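Structure data (TSV, C-alpha atoms and all ligand atoms) from target-v5.tsv:
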```
chain	number	residue	atom	x	y	z
A	61	MET	CA	-21.72	14.58	11.32
A	62	ARG	CA	-22.17	11.22	13.04
A	63	ASP	CA	-20.50	10.44	16.36
A	64	ASN	CA	-18.14	7.90	14.79
A	65	VAL	CA	-16.51	10.51	12.53
A	66	THR	CA	-13.53	12.60	13.70
A	67	VAL	CA	-12.30	15.40	11.47
A	68	ILE	CA	-8.62	15.84	12.30
A	69	ASP	CA	-8.24	19.54	11.95
A	70	HIS	CA	-4.66	20.79	12.13
A	71	PRO	CA	-2.87	23.58	10.25
A	72	LEU	CA	0.01	21.26	9.33
A	73	LEU	CA	-2.41	18.80	7.75
A	74	LYS	CA	-4.25	21.55	5.91
A	75	HIS	CA	-0.98	22.96	4.52
A	76	LYS	CA	0.34	19.58	3.37
A	77	ILE	CA	-2.98	18.58	1.79
A	78	SER	CA	-3.11	21.88	-0.12
A	79	ILE	CA	0.25	21.03	-1.68
A	80	MET	CA	-1.04	17.55	-2.54
A	81	ARG	CA	-4.09	19.05	-4.26
A	82	ASP	CA	-1.97	21.21	-6.57
A	83	LYS	CA	-1.79	19.55	-9.99
A	84	ASN	CA	1.80	20.77	-10.36
A	85	THR	CA	2.97	18.70	-7.37
A	86	GLY	CA	4.93	15.76	-8.78
A	87	THR	CA	4.91	12.11	-7.79
A	88	ASN	CA	7.97	12.28	-5.59
A	89	GLU	CA	6.66	15.11	-3.42
A	90	PHE	CA	3.08	13.78	-3.45
A	91	ARG	CA	4.23	10.41	-2.13
A	92	LYS	CA	6.27	12.02	0.65
A	93	LEU	CA	3.32	14.21	1.66
A	94	ALA	CA	0.89	11.26	1.71
A	95	GLU	CA	3.29	9.54	4.11
A	96	GLU	CA	3.57	12.62	6.36
A	97	VAL	CA	-0.17	13.27	6.40
A	98	ALA	CA	-0.82	9.63	7.31
A	99	MET	CA	1.66	9.88	10.17
A	100	LEU	CA	0.12	13.06	11.55
A	101	MET	CA	-3.38	11.58	11.28
A	102	GLY	CA	-2.20	8.33	12.85
A	103	TYR	CA	-0.87	10.19	15.89
A	104	GLU	CA	-4.44	11.31	16.59
A	105	ALA	CA	-6.26	8.15	15.45
A	106	LEU	CA	-4.13	5.95	17.70
A	107	ARG	CA	-4.49	8.02	20.85
A	108	ASP	CA	-6.67	5.34	22.51
A	109	LEU	CA	-4.20	2.48	22.09
A	110	PRO	CA	-4.27	0.42	25.30
A	111	LEU	CA	-1.28	0.63	27.64
A	112	GLU	CA	0.10	-1.76	30.21
A	113	ASP	CA	2.73	-1.05	32.84
A	114	GLU	CA	5.94	-3.05	32.85
A	115	GLU	CA	8.74	-2.82	35.33
A	116	ILE	CA	11.95	-1.33	33.93
A	117	GLU	CA	15.07	0.07	35.46
A	118	THR	CA	16.21	3.58	34.57
A	119	PRO	CA	19.81	4.57	35.34
A	120	ILE	CA	18.38	6.00	38.57
A	121	GLU	CA	15.88	3.41	39.88
A	122	LYS	CA	13.23	0.80	39.10
A	123	CYS	CA	9.81	2.01	37.99
A	124	ASN	CA	6.62	0.89	36.27
A	125	ALA	CA	6.46	2.38	32.78
A	126	PRO	CA	3.61	2.22	30.24
A	127	PHE	CA	3.98	0.24	27.00
A	128	ILE	CA	1.49	-0.47	24.19
A	129	ALA	CA	-0.45	-3.58	25.21
A	130	GLY	CA	-2.35	-6.35	23.45
A	131	LYS	CA	-2.07	-7.81	19.96
A	132	LYS	CA	-0.07	-5.76	17.49
A	133	PRO	CA	-2.33	-3.48	15.44
A	134	ALA	CA	-2.65	-4.10	11.71
A	135	PHE	CA	-2.59	-1.46	9.01
A	136	VAL	CA	-4.61	-2.48	5.98
A	137	PRO	CA	-4.29	-0.32	2.87
A	138	ILE	CA	-6.99	-0.50	0.21
A	139	LEU	CA	-4.94	-0.97	-2.97
A	140	ARG	CA	-3.54	0.85	-4.63
A	141	ALA	CA	-3.68	4.33	-3.14
A	142	GLY	CA	-3.85	3.20	0.50
A	143	LEU	CA	-0.30	1.87	0.10
A	144	GLY	CA	0.89	5.48	0.13
A	145	MET	CA	-0.19	5.81	3.77
A	146	VAL	CA	1.43	2.65	5.16
A	147	SER	CA	4.99	3.83	5.75
A	148	GLY	CA	3.79	6.90	7.68
A	149	LEU	CA	1.91	4.66	10.08
A	150	LEU	CA	4.73	2.13	10.36
A	151	THR	CA	6.93	5.01	11.49
A	152	LEU	CA	4.58	5.30	14.49
A	153	VAL	CA	4.13	1.57	15.14
A	154	PRO	CA	7.05	-0.28	13.52
A	155	ALA	CA	5.93	-3.64	14.93
A	156	ALA	CA	2.46	-3.47	13.35
A	157	LYS	CA	1.23	-6.11	10.90
A	158	VAL	CA	0.22	-5.11	7.38
A	159	GLY	CA	-2.72	-6.65	5.50
A	160	HIS	CA	-3.92	-5.77	1.98
A	161	ILE	CA	-7.31	-5.40	0.34
A	162	GLY	CA	-7.27	-5.03	-3.45
A	163	MET	CA	-10.11	-3.08	-4.98
A	164	TYR	CA	-10.65	-0.85	-8.00
A	165	ARG	CA	-13.68	1.12	-9.13
A	166	ASP	CA	-15.28	-0.02	-12.35
A	167	GLU	CA	-14.80	2.95	-14.69
A	168	GLU	CA	-18.42	2.87	-15.91
A	169	THR	CA	-20.45	1.90	-12.85
A	170	LYS	CA	-18.04	3.21	-10.14
A	171	ILE	CA	-18.85	0.04	-8.21
A	172	PRO	CA	-15.77	-1.39	-6.43
A	173	GLN	CA	-14.41	-4.68	-7.74
A	174	GLU	CA	-12.49	-6.78	-5.25
A	175	TYR	CA	-9.41	-8.65	-6.46
A	176	TYR	CA	-7.32	-9.44	-3.38
A	177	CYS	CA	-7.64	-9.86	0.37
A	178	LYS	CA	-4.94	-10.91	2.80
A	179	LEU	CA	-5.49	-10.06	6.46
A	180	PRO	CA	-3.36	-10.84	9.52
A	181	LYS	CA	-4.33	-13.81	11.65
A	182	PRO	CA	-5.69	-14.02	14.24
A	183	ILE	CA	-7.83	-11.00	13.46
A	184	GLU	CA	-10.17	-11.14	16.47
A	185	ASP	CA	-9.32	-8.59	19.18
A	186	ARG	CA	-6.73	-6.97	16.92
A	187	LEU	CA	-7.05	-3.30	16.01
A	188	ILE	CA	-7.44	-3.11	12.22
A	189	VAL	CA	-6.78	0.31	10.71
A	190	LEU	CA	-8.03	0.51	7.12
A	191	LEU	CA	-6.29	3.11	4.96
A	192	ASP	CA	-7.46	4.88	1.83
A	193	PRO	CA	-6.63	8.50	1.03
A	194	MET	CA	-9.87	9.04	-0.92
A	195	THR	CA	-13.50	8.36	0.05
A	196	ALA	CA	-15.64	9.34	-2.94
A	197	THR	CA	-18.93	7.38	-3.13
A	198	GLY	CA	-17.76	5.44	-0.06
A	199	GLY	CA	-18.29	2.13	-1.88
A	200	SER	CA	-14.68	0.94	-1.59
A	201	ALA	CA	-14.46	1.73	2.13
A	202	ASP	CA	-17.87	0.17	2.82
A	203	ASP	CA	-16.89	-3.06	1.01
A	204	ALA	CA	-13.42	-3.19	2.60
A	205	ILE	CA	-14.91	-2.83	6.09
A	206	ASN	CA	-17.39	-5.61	5.26
A	207	GLN	CA	-14.49	-7.86	4.24
A	208	VAL	CA	-12.66	-7.21	7.50
A	209	LYS	CA	-15.84	-7.94	9.47
A	210	LYS	CA	-16.48	-11.12	7.47
A	211	ALA	CA	-12.96	-12.28	8.35
A	212	GLY	CA	-13.74	-11.76	12.06
A	213	GLY	CA	-12.49	-8.22	12.72
A	214	THR	CA	-14.36	-6.40	15.47
A	215	ASN	CA	-12.08	-3.50	16.39
A	216	ILE	CA	-11.88	-1.42	13.21
A	217	LYS	CA	-10.81	2.12	12.38
A	218	TYR	CA	-10.85	3.75	8.96
A	219	MET	CA	-8.44	6.57	8.05
A	220	THR	CA	-9.00	8.67	4.94
A	221	ILE	CA	-7.39	11.95	3.92
A	222	ILE	CA	-10.13	13.53	1.76
A	223	ALA	CA	-13.80	12.52	1.65
A	224	SER	CA	-16.97	13.72	-0.03
A	225	PRO	CA	-19.92	14.48	2.28
A	226	GLU	CA	-21.95	11.64	0.72
A	227	GLY	CA	-19.05	9.17	1.01
A	228	ILE	CA	-18.44	9.88	4.68
A	229	GLU	CA	-22.19	9.66	5.38
A	230	ARG	CA	-22.44	6.30	3.60
A	231	VAL	CA	-19.53	4.72	5.47
A	232	SER	CA	-20.37	6.17	8.90
A	233	ALA	CA	-24.06	5.17	8.60
A	234	ALA	CA	-23.29	1.64	7.39
A	235	HIS	CA	-20.67	1.05	10.11
A	236	PRO	CA	-21.55	2.91	13.34
A	237	ASP	CA	-19.12	0.60	15.17
A	238	VAL	CA	-16.14	1.80	13.09
A	239	GLN	CA	-14.24	4.94	14.09
A	240	ILE	CA	-13.58	7.08	11.05
A	241	TYR	CA	-10.79	9.67	10.83
A	242	VAL	CA	-10.76	12.19	8.00
A	243	ALA	CA	-8.61	15.27	7.44
A	244	GLN	CA	-10.84	17.18	5.01
A	245	ILE	CA	-14.41	16.88	3.76
A	246	ASP	CA	-14.74	18.43	0.30
A	247	ARG	CA	-17.69	19.94	-1.56
A	248	GLY	CA	-18.97	16.85	-3.35
A	249	LEU	CA	-18.60	14.57	-6.37
A	250	ASN	CA	-18.56	15.39	-10.08
A	251	GLU	CA	-20.34	13.35	-12.79
A	252	ASP	CA	-17.40	10.88	-12.85
A	253	ALA	CA	-17.66	10.40	-9.08
A	254	TYR	CA	-14.39	12.24	-8.47
A	255	ILE	CA	-14.10	14.40	-5.34
A	256	CYS	CA	-14.28	18.18	-5.97
A	257	PRO	CA	-11.96	19.94	-5.56
A	258	GLY	CA	-10.14	16.78	-4.39
A	259	LEU	CA	-6.68	15.97	-5.71
A	260	GLY	CA	-7.47	13.82	-8.74
A	261	ASP	CA	-6.71	10.10	-8.87
A	262	ALA	CA	-4.68	9.38	-5.74
A	263	GLY	CA	-3.35	6.04	-7.02
A	264	ASP	CA	-2.07	7.60	-10.23
A	265	ARG	CA	-0.49	10.50	-8.34
A	266	ILE	CA	1.27	8.22	-5.84
A	267	PHE	CA	2.53	5.76	-8.43
A	268	GLY	CA	3.05	8.13	-11.37
A	269	THR	CA	0.79	6.10	-13.64
A	270	LYS	CA	-1.17	8.89	-15.31
A	301	LIG	C1	-9.74	5.08	-5.53
A	301	LIG	C2	-9.44	5.39	-4.07
A	301	LIG	C3	-10.48	4.59	-3.35
A	301	LIG	C4	-11.67	4.69	-4.28
A	301	LIG	C5	-12.62	5.69	-3.73
A	301	LIG	O1	-9.25	3.88	-5.91
A	301	LIG	O2	-8.13	5.07	-3.69
A	301	LIG	O3	-10.11	3.25	-3.14
A	301	LIG	O4	-11.17	5.11	-5.54
A	301	LIG	O5	-13.78	5.71	-4.46
A	301	LIG	P1	-15.18	5.26	-3.85
A	301	LIG	O6	-15.30	5.89	-2.51
A	301	LIG	O7	-16.17	5.83	-4.84
A	301	LIG	O8	-15.24	3.77	-3.81
A	301	LIG	P2	-9.34	3.35	-7.43
A	301	LIG	O9	-10.60	2.59	-7.61
A	301	LIG	O10	-9.11	4.50	-8.35
A	301	LIG	O11	-8.19	2.30	-7.51
A	301	LIG	P3	-6.59	2.53	-7.43
A	301	LIG	O12	-6.28	3.01	-6.03
A	301	LIG	O13	-6.04	1.20	-7.71
A	301	LIG	O14	-6.23	3.56	-8.46
A	302	LIG	N1	-10.58	8.03	-6.37
A	302	LIG	C1	-9.61	8.98	-6.36
A	302	LIG	O1	-8.41	8.65	-6.32
A	302	LIG	N2	-9.98	10.26	-6.39
A	302	LIG	C2	-11.27	10.65	-6.44
A	302	LIG	O2	-11.55	11.86	-6.44
A	302	LIG	C3	-12.26	9.65	-6.46
A	302	LIG	C4	-11.89	8.35	-6.41
```
Rewrite the coordinates I just gave you, this time as structure tokens.
Amino acid sequence: MRDNVTVIDHPLLKHKISIMRDKNTGTNEFRKLAEEVAMLMGYEALRDLPLEDEEIETPIEKCNAPFIAGKKPAFVPILRAGLGMVSGLLTLVPAAKVGHIGMYRDEETKIPQEYYCKLPKPIEDRLIVLLDPMTATGGSADDAINQVKKAGGTNIKYMTIIASPEGIERVSAAHPDVQIYVAQIDRGLNEDAYICPGLGDAGDRIFGTK
């Protein structure tokens, strides 16, 4: 595993992801779990947020207390499935900006097709946290990171719930400057480039479109 990959290994995450994997878990519960998993992962992924002391007054006395410093971070879901992670992260940082990158995999070639990109401005010096629950071939994440870099982003993290070994290798090798957070790395891909055992099509499961 490359240095820029952190596997967030926690029994609560494992338990919740196991429920998500179950094909009998319905949309309502799946959506709630995606939110919770994103929040738990975000707690770890955001542990290096910069702090700055400000003077406040408690009921007892004045003191210098730490607050999150710098430009507000931006959460950027890769549509559609990444949307399912946004609210969990906004629970942690309610003042964050939200950008969107629209991308879908061509059913035949599995190559990502971009259809939308709206990122917060200014983007320089802002922490950009890209979100996508699934990293299969890694093509969507690789392209989305390239889009953020092309727009001027330099401080980038990528959060993904389940990845294939080849997907995580592709993204971490192509972007050694991007910190990658993943909860589980699965066995591999099937002939349709779906993660095995995975959880199926995350977008369909979040939005009930199957
Ligand atoms: C899924 C998933 C990722 C992508 C992963 O999206 O949410 O974006 O596939 O595959 P990759 O690593 O091989 O690129 P999909 O293309 O199904 O679009 P959707 O979220 O709109 O359903
Ligand atoms: N996209 C998904 O949602 N799931 C997979 O297993 C692969 C791509």
Residue contacts of A:Ala141 (12 Å, all atoms listed in the file) excluding same-chain residues fewer than 3 positions away, as an MDAnalysis selection string: chainID A and resid 90:91 94:95 136:138 144:146 160:164 190:195 200 220:221 260:269
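Candidate residues A:Val208, A:Ala125, A:Val231, A:Ala196 were compared for distance to A:Gly248, and the nearest is A:Ala196, using only C-alpha atoms.
Near A:Leu111, within 12 Å and counting only C-alpha atoms, sit Leu106, Asn124, Ala125, Pro126, Phe127, Ile128, Ala129, Gly130 and Lys131 of chain A; same-chain residues fewer than 5 positions away were not included.
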Suppose we keep C-alpha atoms; can you now write the selection as a PDB file, in the coordinates of the input?
```pdb
ATOM      1  CA  LEU A 106      -4.130   5.950  17.700  1.00  0.00           C
ATOM      2  CA  ASN A 124       6.620   0.890  36.270  1.00  0.00           C
ATOM      3  CA  ALA A 125       6.460   2.380  32.780  1.00  0.00           C
ATOM      4  CA  PRO A 126       3.610   2.220  30.240  1.00  0.00           C
ATOM      5  CA  PHE A 127       3.980   0.240  27.000  1.00  0.00           C
ATOM      6  CA  ILE A 128       1.490  -0.470  24.190  1.00  0.00           C
ATOM      7  CA  ALA A 129      -0.450  -3.580  25.210  1.00  0.00           C
ATOM      8  CA  GLY A 130      -2.350  -6.350  23.450  1.00  0.00           C
ATOM      9  CA  LYS A 131      -2.070  -7.810  19.960  1.00  0.00           C
TER      10      LYS A 131
END
```
Counting only C-alpha atoms, find the residues whose atoms lie at most 12 Å from (-14.8, 7.9, 16.8) (file coordinates) and write them out as a ChimeraX atom specification. /A:61-68,104-108,215-219,232,235-242
With distances taken over all atoms listed in the file, which residue among A:Glu229, A:Glu184, A:Asp166, A:Glu251 lies nearest ligand LIG 301 (chain A)? A:Asp166
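Atom CA of A:Met99 to atom CA of A:Leu149 spans 5.2 Å [interatomic distance, one decimal].
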Looking at all atoms listed in the file, which of A:Gly148, A:Asp113, A:Cys123, A:Gly227 is the one that sits closest to A:Leu93? A:Gly148
Near A:Ile245, counting only C-alpha atoms, which residues have an atom at most 7 Å away, once you skip same-chain residues fewer than 5 positions from it, shown as a PyMOL selection string? chain A and resi 222-225
For ligand LIG 301 (chain A), which of A:Lys181, A:Lys157, A:Arg186, A:Arg140 is the closest residue, counting all atoms listed in the file? A:Arg140
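Candidate residues A:Thr214, A:Leu249, A:Gln244, A:Asp203 were compared for distance to A:Ile77, and the nearest is A:Gln244, using all atoms listed in the file.
Atom to atom, atom CA of A:Pro180 and atom CA of A:Ala156 stand 10.1 Å apart.
Taking atom CA of A:Phe135 and atom CA of A:Leu187 as the two end points, the separation is 8.5 Å.
For the choices A:Leu179, A:Leu139, A:Ala233, A:Ile188, the atom-to-atom distance to ligand LIG 302 (chain A) is smallest for A:Leu139 when using only C-alpha atoms and all ligand atoms.
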With all atoms of stretch 124-137 of chain A from the file as input, state the centre and edge lengths in Å to one decimal of the axis-aligned box that has 6 Å extra on each side, as AutoDock Vina command-line options.
```
--center_x 1.0 --center_y -2.7 --center_z 19.6 --size_x 23.2 --size_y 22.2 --size_z 45.4
```
